[in-house]
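To start, the structure itself, in C-alpha cells.
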Amino acid sequence: MTMVAALLTIAICVAVGWPLSMLLDRNARLSLRLSTGFLLGGAVGGVVLFLLSSVQLRWSRVTLLGGMLLVAVIANVVVRGRSPFDRARFGQSFAPQWKGFLSTGIDVMTAVLAAGYALFATVGPIAEYDFISIWGVKAREFWIAGGIDWRFLENPFNEFAHVDYPILLPLIFDVQTVIRGSWDARWLGALHVAFGVAAVLAVRAFIEEETVDSVLAAAATLALACIAFSPWIGLAEGPLVATGTVGLLYVRRGVLASHSADILRGALFLGIAGSFKNEGVALIAAAAAGLLFTAPRFLARLWPAIAIVTPWFVLRRQHHLQTDLTTGPILDRVTSHLANLQPMFSALATYTTGKPFFWIGAGLALVLAFRAAITRERFLLVTLLVQTAFFLAAYIVTPHDVTWHVRWSWERIVSQITLPLGFVAMALLMPLIEGRRGRLEGRTVHGSLTT
C-alpha cells in the first residue's frame, strides 16, 4: 500500500503538471514534457496545501486533489486554444539501424542505473540527519497539524530545524502523506527518485538539441545520470538540482537563440528552485549575474523567479524566522574570517567535492574547447562561478566553526552545480567528437560529402 501511494502521488503530479508543461512549452520533447510535468505538478500540490492552510482549511485528500484537479482543468482548457505542436522545430535524423540498437542499449543502462537508485532511496526509512531534523520534522509537524504549523516554526527551541528555509519540499512530502493518509518516512524516498529521473529526462531533451547522433546523446545522458541522482535522500539537493538545472538550461537556450520566452520559462523553474532552499535563491541571483555578462537585455525577464520567492521572504519576516547566517555580529565574523582564511582553505582542501573523474573530465572539456566555452557557454559558466562564490561567502559569514561547516556541507552544496556543469562539458565535447568522426568517415556530421 505504501509503495502504491508513492507511485500514485508521482503519477498524479505528472498528470496535473502535463497540461501546465504543454502551456509552458508546447513544442517541448516528450522527455522534457514528462520532466517539467512532474516538477510543475509537485509544485502545484505544495501550493494547494499552502493555500488551504492560508484559508484555515484542514488538509484532506479531497481538498488537495480537488485543488490540483482544478489547476489541471484550467490549464488544459487554455492549452486547447493554443497552436498545434510544431514537429518541424526539431527536424528529423536518419541513423543506421545499428545506431538505434546501440543507443537503446545505452538507454537501458541508464534505466538500470535509475532502478538501482530507486532501490537505494527506498531501502528503508530515510536516515539522513538533515531529513530527521529539518525537512522531515517540518513535514511531519505540518501533517499532524493539518496545515502549516507556524507556531512550530516560530518557537525559538526549533531553530535547529532551519525554520528560515523555504517550505516547498516539506509541503511536497505532505502531498504524498495526505494522499496515503499516514506518515511513512521510507517511501518519501520515491519522490527523490522522481526528481532524479526528471533531471535526467530534462537533460536528455536539451542534449538532443546539441547533436543529431542518437548514440552520442544516449552516452552523454548515461554519463550525466551518474551525477543527477543525489545521494542525500530526504534533503533538498535532489529537487533543487532538478528544477535549477531545467531553469538554467532554458535560460541558456533563450540566450543562444535570443528567445525571451525561454528566459521566462527558465525563470519559472529557478523560482521553484528558490522555493526549495536558500541556495536556490542564490542561484537566481547567480543567473542574473550570468545574464548581465552575456545578455543584459533579458535581465528583466527573470521577474517570475523573483515573484515566486518573494512571498516566502515576506512570511519569514512576518513570523520572525531568522537565518543563522544573519544572527549575531555579522561584521565582526566577516572581518575575523577574512583576516584568517587559512582554516577555510585548509578545510576545502581536506574535505573535497569527490567525483575526481568528473572534475578531470569537465576541466579537459573546458581546455579542449576553450573558445566555445567563453563564447557559447559564457552564461552557464558565469552563473556557476558566481554561485560557487556565494557558497564560499557563506563560509565567511557563518557563525559556526568554519572547518565543521565545510566538512558537513561542501560536497553536498557543490553537487547542486555539477549537473549543469556536466552539461556544459558535454555540449563542448560533442561537436569535437562529431567533427573528428566526420573527418575519419570522409563526411560532415550531417552526412553530406566533403569536398
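Each chain of the C-alpha cells is named A, B, ... in the order shown, its residues numbered from 1; ligands are numbered from 1 in display order.
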
**Report entry** Near-Thr350 of chain A list (10 Å; only C-alpha atoms; drop same-chain fewer than 6 positions) as a ChimeraX atom specification
**Finding:** /A:344,403,406-407

Write out the residues from the selection above, keeping N, CA, C and O atoms, as a PDB file, in the first residue's frame.
ATOM      1  N   MET A 344      39.589  28.014   6.357  1.00  0.00           N
ATOM      2  CA  MET A 344      38.619  27.699   5.315  1.00  0.00           C
ATOM      3  C   MET A 344      39.286  26.978   4.150  1.00  0.00           C
ATOM      4  O   MET A 344      38.796  25.941   3.678  1.00  0.00           O
ATOM      5  N   THR A 403      35.695  24.998   9.802  1.00  0.00           N
ATOM      6  CA  THR A 403      36.082  23.633   9.438  1.00  0.00           C
ATOM      7  C   THR A 403      34.899  22.680   9.542  1.00  0.00           C
ATOM      8  O   THR A 403      34.654  21.854   8.650  1.00  0.00           O
ATOM      9  N   VAL A 406      32.385  23.462   6.623  1.00  0.00           N
ATOM     10  CA  VAL A 406      32.852  22.956   5.332  1.00  0.00           C
ATOM     11  C   VAL A 406      32.728  21.437   5.280  1.00  0.00           C
ATOM     12  O   VAL A 406      32.275  20.860   4.287  1.00  0.00           O
ATOM     13  N   ARG A 407      33.125  20.795   6.357  1.00  0.00           N
ATOM     14  CA  ARG A 407      33.115  19.330   6.371  1.00  0.00           C
ATOM     15  C   ARG A 407      31.735  18.763   6.079  1.00  0.00           C
ATOM     16  O   ARG A 407      31.599  17.776   5.342  1.00  0.00           O
TER      17      ARG A 407
END

Report task. Give the helix (DSSP H, G or I) residues of segment 59-174 of chain A, as DSSP finds them on the backbone, and put them as a PyMOL selection string. Result -> chain A and resi 61-80+87-89+97-121+129-145+150-154+156-161+168-174

Query raised in the report: Could you name the residues that touch segment 204-216 of chain A at 6 Å or less, counting only C-alpha atoms, but leaving out those on the same chain fewer than 6 positions away, as a PyMOL selection string?
Result: chain A and resi 31-32+103

How about saving the chosen residues, N, CA, C and O atoms kept, as a short mmCIF file (atom, residue, chain, number, x, y, z; two decimals), in the first residue's frame?
data_model
loop_
_atom_site.label_atom_id
_atom_site.label_comp_id
_atom_site.auth_asym_id
_atom_site.auth_seq_id
_atom_site.Cartn_x
_atom_site.Cartn_y
_atom_site.Cartn_z
N SER A 31 10.42 13.82 -23.44
CA SER A 31 11.19 13.65 -22.21
C SER A 31 11.17 14.92 -21.37
O SER A 31 11.02 14.86 -20.14
N LEU A 32 11.26 16.07 -22.02
CA LEU A 32 11.23 17.33 -21.28
C LEU A 32 9.83 17.60 -20.73
O LEU A 32 9.67 18.11 -19.63
N SER A 103 22.09 2.84 -29.21
CA SER A 103 21.55 3.90 -28.34
C SER A 103 20.50 3.35 -27.39
O SER A 103 20.44 3.76 -26.22
#

Query raised in the report: For Ile284 of chain A, which residue among A:Val386, A:Ala218, A:Val334, A:Ala115 is the nearest when counting only C-alpha atoms?
Result: A:Val386

Query - Residue nearest Val47 of chain A among A:Ile148, A:Ile433, A:Leu428, A:Ala185 (counting only C-alpha atoms) - result: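 Of the candidates, the smallest distance to Val47 of chain A is held by A:Ile148.
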
Query - Nearest to Tyr165 of chain A by atom-to-atom distance, counting only C-alpha atoms, from A:Asn278, A:Thr310, A:Asn27, A:Gln416 - result: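 Nearest candidate to Tyr165 of chain A out of A:Asn278, A:Thr310, A:Asn27, A:Gln416: A:Asn278.
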
Query raised in the report: Please, what distance in Å, to one decimal, runs between atom CA of Arg371 of chain A and atom CA of Leu419 of chain A?
Result: 21.4 Å

Requested in this report: May I ask which of the residues A:Phe293, A:Phe229, A:Phe160, A:Phe269 is the closest one to Thr36 of chain A, counting only C-alpha atoms?
Outcome: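 Looking at the shortest contact to Thr36 of chain A, the residue is A:Phe269.
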